[in-house]
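Novice: Here you go, one structure.
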Amino acid sequence: MNHTSYPRGAHRMVVGISGATGIAYGIRTLQVLRAAGIETHLVMSRSARLTLSYESDLTTAQVQELADFHYSPEDVGAPIASGSFRTRGMIVAPCSVKSLAQIAVGTCDTLLARAADVTLKERNRLVLMVRETPLTLTHLRNMTTVTENGGIIAPPVPAFYTRPEGLEEVIDQSVGRALDLFGIDSETFPRWGEPAVPAQDAASAPTTTRVLAQSAVHV
Ligand SMILES: Cc1cc2nc3c(=O)[nH]c(=O)nc-3n(C[C@H](O)[C@H](O)[C@H](O)COP(=O)(O)O)c2cc1C
């Protein structure tokens, strides 16, 4: 038996969507990962279903269809609740300050919180697109705790040097920069100092979305 060739789960990612405003970040993340050929495992919190109803015409079922696998937030027996289930890591997009707090404390009381805790304990990549403003000292302390545990706080803060022409470009830039942290190049936003990529819908352009080698991921 070749003990060095077992799969490391690089083709697989956990996507958490919590109830902060900005459900579009989660939806776009799922679209880009599908285009990149990454197998996605989705858990949406109960509150995310509520924000979805306010912020999008999509139904919960339609968002779930963007993922390869989806789980109920109560299903703490799902594969992503176990450290033996290998993945490239987990992104929470958007991440509410409640989910941030649960992850900082390690409550493991929902599947989203448990999967994030598992990601940290396995010393795997965890990226939280925390969305709240202004921030309390508690929020900041929770961000510090997650960072000390190896997680990455990546709030969806737009860049303006790219001169975005609309919300979609702003969303693509934030999602693209967050996925950079997993070594996944969405090719959906312009990079400073590099030629602009042609405008495209990542969801319909799987062949042009490049996934960097797993070796590019530093965890
Ligand atoms: C329309 C709407 C927008 C919200 N925006 C935010 C937000 O930006 N950040 C945040 O932390 N919570 C926000 N909340 C509150 C969360 O949904 C709420 O705290 C919830 O308990 C989070 O639970 P979850 O982390 O399990 O999804 C919002 C709620 C609603 C209904």
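We name chains A, B, ... following the order of the structure tokens; residues begin at 1 in each chain, and ligands are numbered from 1 as shown.
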So which residues touch Glu168 in chain A within 12 Å, counting only C-alpha atoms, skipping near sequence neighbours fewer than 2 positions away, as a short mmCIF file (atom, residue, chain, number, x, y, z; two decimals) with C-alpha atoms, in the first residue's frame?
Specialist:
```cif
data_model
loop_
_atom_site.label_atom_id
_atom_site.label_comp_id
_atom_site.auth_asym_id
_atom_site.auth_seq_id
_atom_site.Cartn_x
_atom_site.Cartn_y
_atom_site.Cartn_z
CA GLY A 22 -24.67 39.68 2.59
CA ALA A 24 -24.76 37.09 -1.84
CA TYR A 25 -21.24 36.36 -0.57
CA ILE A 27 -24.14 32.30 -2.97
CA ARG A 28 -21.24 33.62 -5.06
CA PRO A 158 -14.44 46.44 -0.81
CA PRO A 164 -15.96 48.54 -9.49
CA GLU A 165 -18.90 49.28 -11.75
CA GLY A 166 -21.48 47.60 -9.55
CA VAL A 170 -17.59 44.31 -5.31
CA ILE A 171 -18.88 40.87 -4.28
CA ASP A 172 -16.56 39.07 -6.71
CA GLN A 173 -13.56 40.93 -5.34
CA SER A 174 -14.32 40.04 -1.72
CA VAL A 175 -15.18 36.41 -2.50
CA GLY A 176 -12.14 36.10 -4.77
CA THR A 188 -13.32 36.89 -11.44
CA PHE A 189 -11.72 40.14 -10.28
CA ALA A 199 -15.53 39.81 -17.64
CA GLN A 200 -17.24 36.47 -17.17
CA ASP A 201 -19.71 34.62 -15.09
CA ALA A 202 -17.65 32.16 -13.10
#
```
Novice: Applying 12 Å and only C-alpha atoms, which residues near Ser45 in chain A remain after dropping the ones on its own chain fewer than 3 positions away? List them as JSON, numbers by chain.
Specialist: {"A": [15, 16, 17, 18, 19, 20, 23, 26, 42, 48, 49, 50, 51, 52, 60, 70, 71, 72, 73, 74, 75, 92, 93, 94, 95, 96, 98, 99, 109, 110, 111, 112, 113]}
Novice: Go ahead and write the selection's residues with C-alpha atoms as a PDB file, in the first residue's frame.
Specialist:
```pdb
ATOM      1  CA  VAL A  15     -19.175  26.414   3.118  1.00  0.00           C
ATOM      2  CA  GLY A  16     -21.061  27.919   6.026  1.00  0.00           C
ATOM      3  CA  ILE A  17     -23.640  30.637   5.454  1.00  0.00           C
ATOM      4  CA  SER A  18     -24.803  32.450   8.581  1.00  0.00           C
ATOM      5  CA  GLY A  19     -27.401  35.143   9.187  1.00  0.00           C
ATOM      6  CA  ALA A  20     -25.350  38.301   8.658  1.00  0.00           C
ATOM      7  CA  ILE A  23     -26.102  36.285   1.637  1.00  0.00           C
ATOM      8  CA  GLY A  26     -22.235  32.801   0.265  1.00  0.00           C
ATOM      9  CA  LEU A  42     -22.985  23.505   2.682  1.00  0.00           C
ATOM     10  CA  ALA A  48     -29.363  32.641   6.940  1.00  0.00           C
ATOM     11  CA  ARG A  49     -32.677  31.388   5.587  1.00  0.00           C
ATOM     12  CA  LEU A  50     -34.265  34.554   6.942  1.00  0.00           C
ATOM     13  CA  THR A  51     -31.692  36.913   5.422  1.00  0.00           C
ATOM     14  CA  LEU A  52     -31.998  34.981   2.147  1.00  0.00           C
ATOM     15  CA  THR A  60     -33.256  27.926   0.327  1.00  0.00           C
ATOM     16  CA  HIS A  70     -26.008  20.240   2.112  1.00  0.00           C
ATOM     17  CA  TYR A  71     -26.907  19.610   5.718  1.00  0.00           C
ATOM     18  CA  SER A  72     -29.362  20.838   8.304  1.00  0.00           C
ATOM     19  CA  PRO A  73     -27.800  23.150  10.909  1.00  0.00           C
ATOM     20  CA  GLU A  74     -28.958  20.699  13.592  1.00  0.00           C
ATOM     21  CA  ASP A  75     -27.289  17.698  11.957  1.00  0.00           C
ATOM     22  CA  VAL A  92     -18.159  31.136   6.468  1.00  0.00           C
ATOM     23  CA  ALA A  93     -19.624  33.709   4.082  1.00  0.00           C
ATOM     24  CA  PRO A  94     -21.040  35.877   5.478  1.00  0.00           C
ATOM     25  CA  CYS A  95     -20.222  35.261   9.150  1.00  0.00           C
ATOM     26  CA  SER A  96     -22.421  36.892  11.784  1.00  0.00           C
ATOM     27  CA  LYS A  98     -23.077  35.329  16.758  1.00  0.00           C
ATOM     28  CA  SER A  99     -21.437  32.586  14.686  1.00  0.00           C
ATOM     29  CA  ASP A 109     -23.835  23.502  19.354  1.00  0.00           C
ATOM     30  CA  THR A 110     -24.798  23.798  15.686  1.00  0.00           C
ATOM     31  CA  LEU A 111     -23.331  22.043  12.663  1.00  0.00           C
ATOM     32  CA  LEU A 112     -21.830  25.326  11.461  1.00  0.00           C
ATOM     33  CA  ALA A 113     -20.106  25.926  14.797  1.00  0.00           C
TER      34      ALA A 113
END
```
Novice: Using Å and a single decimal, report how far CA of Gly77 in chain A sits from CA of Leu179 in chain A.
Specialist: 26.7 Å
Novice: Got a sec: who's within 7 Å of range 85-90 of chain A, counting only C-alpha atoms, leaving out chain neighbours fewer than 4 positions off, as number ranges by chain?
Specialist: A: 8-15, 79-80, 116, 119, 124-127
Novice: Hey, could you make a per-residue contact list for range 79-105 of chain A against range 141-157 of chain A with 7 Å as the cut-off, showing the nearest pair of atoms and its distance in Å to one decimal, counting only C-alpha atoms, sorted by chain and number, as a tab-separated table?
Specialist:
```
residue	atom	partner	partner_atom	distance
A:Leu100	CA	A:Asn142	CA	6.7
A:Ala101	CA	A:Asn142	CA	5.9
A:Ala104	CA	A:Val146	CA	5.2
```
Novice: Only N, CA and C atoms, please: the residues just picked out, written as a short mmCIF file (atom, residue, chain, number, x, y, z; two decimals), in the first residue's frame.
Specialist:
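selection.cif, written as the output of this step:
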```cif
data_model
loop_
_atom_site.label_atom_id
_atom_site.label_comp_id
_atom_site.auth_asym_id
_atom_site.auth_seq_id
_atom_site.Cartn_x
_atom_site.Cartn_y
_atom_site.Cartn_z
N LEU A 100 -19.46 33.99 14.88
CA LEU A 100 -18.08 34.28 15.29
C LEU A 100 -17.88 33.93 16.76
N ALA A 101 -18.84 34.36 17.60
CA ALA A 101 -18.73 34.10 19.04
C ALA A 101 -18.74 32.60 19.33
N ALA A 104 -15.43 31.24 18.33
CA ALA A 104 -14.36 31.66 19.24
C ALA A 104 -14.38 30.84 20.53
#
```
Novice: Which of these residues is nearest to Phe160 in chain A, using only C-alpha atoms: A:Val118, A:Val32, A:Val76, A:Pro190?
Specialist: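 The answer is A:Pro190, which sits nearest to Phe160 in chain A.
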Novice: Which one is closest to ligand 1: A:Ala81, A:Ala67, A:Val43, A:Leu58? Count only C-alpha atoms and all ligand atoms.
Specialist: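 Between A:Ala81, A:Ala67, A:Val43, A:Leu58, the residue approaching ligand 1 most closely is A:Val43.
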Novice: Please indicate the distance in Å from CA of Gln64 in chain A to CA of Leu30 in chain A, rounded to one decimal place.
Specialist: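 Distance reported for this atom pair: 9.2 Å.
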Novice: Based on DSSP run over this structure's backbone, return all residues of range 24-191 of chain A in helix (DSSP H, G or I), as a ChimeraX atom specification.
Specialist: /A:24-35,46-55,60-65,79-81,97-105,111-121,137-148,167-180
Novice: If DSSP is run on the backbone, what residues of range 15-212 of chain A are strand (DSSP E)? A reply as a PyMOL selection string would be ideal.
Specialist: chain A and resi 15-17+39-44+69-71+89-95+125-130+152-153+184-185+210-211
Novice: Would you write out those residues with C-alpha atoms, as a PDB file, in the first residue's frame?
Specialist:
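Saved result, out_20.pdb, follows:
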```pdb
ATOM      1  CA  VAL A  15     -19.175  26.414   3.118  1.00  0.00           C
ATOM      2  CA  GLY A  16     -21.061  27.919   6.026  1.00  0.00           C
ATOM      3  CA  ILE A  17     -23.640  30.637   5.454  1.00  0.00           C
ATOM      4  CA  GLU A  39     -16.870  19.679  -4.111  1.00  0.00           C
ATOM      5  CA  THR A  40     -18.878  21.804  -1.688  1.00  0.00           C
ATOM      6  CA  HIS A  41     -20.506  20.838   1.612  1.00  0.00           C
ATOM      7  CA  LEU A  42     -22.985  23.505   2.682  1.00  0.00           C
ATOM      8  CA  VAL A  43     -24.509  24.315   6.040  1.00  0.00           C
ATOM      9  CA  MET A  44     -26.844  27.320   6.269  1.00  0.00           C
ATOM     10  CA  PHE A  69     -23.964  18.304  -0.413  1.00  0.00           C
ATOM     11  CA  HIS A  70     -26.008  20.240   2.112  1.00  0.00           C
ATOM     12  CA  TYR A  71     -26.907  19.610   5.718  1.00  0.00           C
ATOM     13  CA  GLY A  89     -10.935  23.924   4.750  1.00  0.00           C
ATOM     14  CA  MET A  90     -14.022  25.933   5.589  1.00  0.00           C
ATOM     15  CA  ILE A  91     -15.288  29.388   4.711  1.00  0.00           C
ATOM     16  CA  VAL A  92     -18.159  31.136   6.468  1.00  0.00           C
ATOM     17  CA  ALA A  93     -19.624  33.709   4.082  1.00  0.00           C
ATOM     18  CA  PRO A  94     -21.040  35.877   5.478  1.00  0.00           C
ATOM     19  CA  CYS A  95     -20.222  35.261   9.150  1.00  0.00           C
ATOM     20  CA  ARG A 125      -7.822  26.601   6.882  1.00  0.00           C
ATOM     21  CA  LEU A 126     -10.805  28.494   8.356  1.00  0.00           C
ATOM     22  CA  VAL A 127     -11.830  31.827   6.822  1.00  0.00           C
ATOM     23  CA  LEU A 128     -14.586  33.928   8.390  1.00  0.00           C
ATOM     24  CA  MET A 129     -16.071  36.736   6.283  1.00  0.00           C
ATOM     25  CA  VAL A 130     -17.319  38.560   9.381  1.00  0.00           C
ATOM     26  CA  ILE A 152      -8.472  33.982   9.404  1.00  0.00           C
ATOM     27  CA  ILE A 153     -10.838  36.916   9.818  1.00  0.00           C
ATOM     28  CA  ILE A 184      -8.191  28.976  -5.301  1.00  0.00           C
ATOM     29  CA  ASP A 185      -7.949  31.569  -8.064  1.00  0.00           C
ATOM     30  CA  ARG A 210      -8.058  27.869 -12.195  1.00  0.00           C
ATOM     31  CA  VAL A 211      -7.377  26.068  -8.975  1.00  0.00           C
TER      32      VAL A 211
END
```
Novice: A:Glu132, A:Asp117, A:Leu66, A:Ile103: which is nearest ligand 1, counting only C-alpha atoms and all ligand atoms?
Specialist: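 That would be A:Glu132, the residue with the smallest distance to ligand 1.
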Novice: Ranking A:Gln102, A:Thr138, A:Thr21, A:Thr29 by minimum distance to ligand 1 and counting only C-alpha atoms and all ligand atoms, which one comes first?
Specialist: A:Thr21
Novice: Quick one: pull the distance between CA of Arg34 in chain A and CA of Val97 in chain A, Å, one decimal.
Specialist: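 Spanning CA of Arg34 in chain A to CA of Val97 in chain A is a straight-line distance of 27.1 Å.
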Novice: Compare A:Leu33, A:Ile38, A:Cys108, A:Ala78 by their minimum atom-to-atom distance to ligand 1, counting only C-alpha atoms and all ligand atoms, and give me the closest one.
Specialist: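 Among the listed residues, A:Cys108 lies closest to ligand 1.
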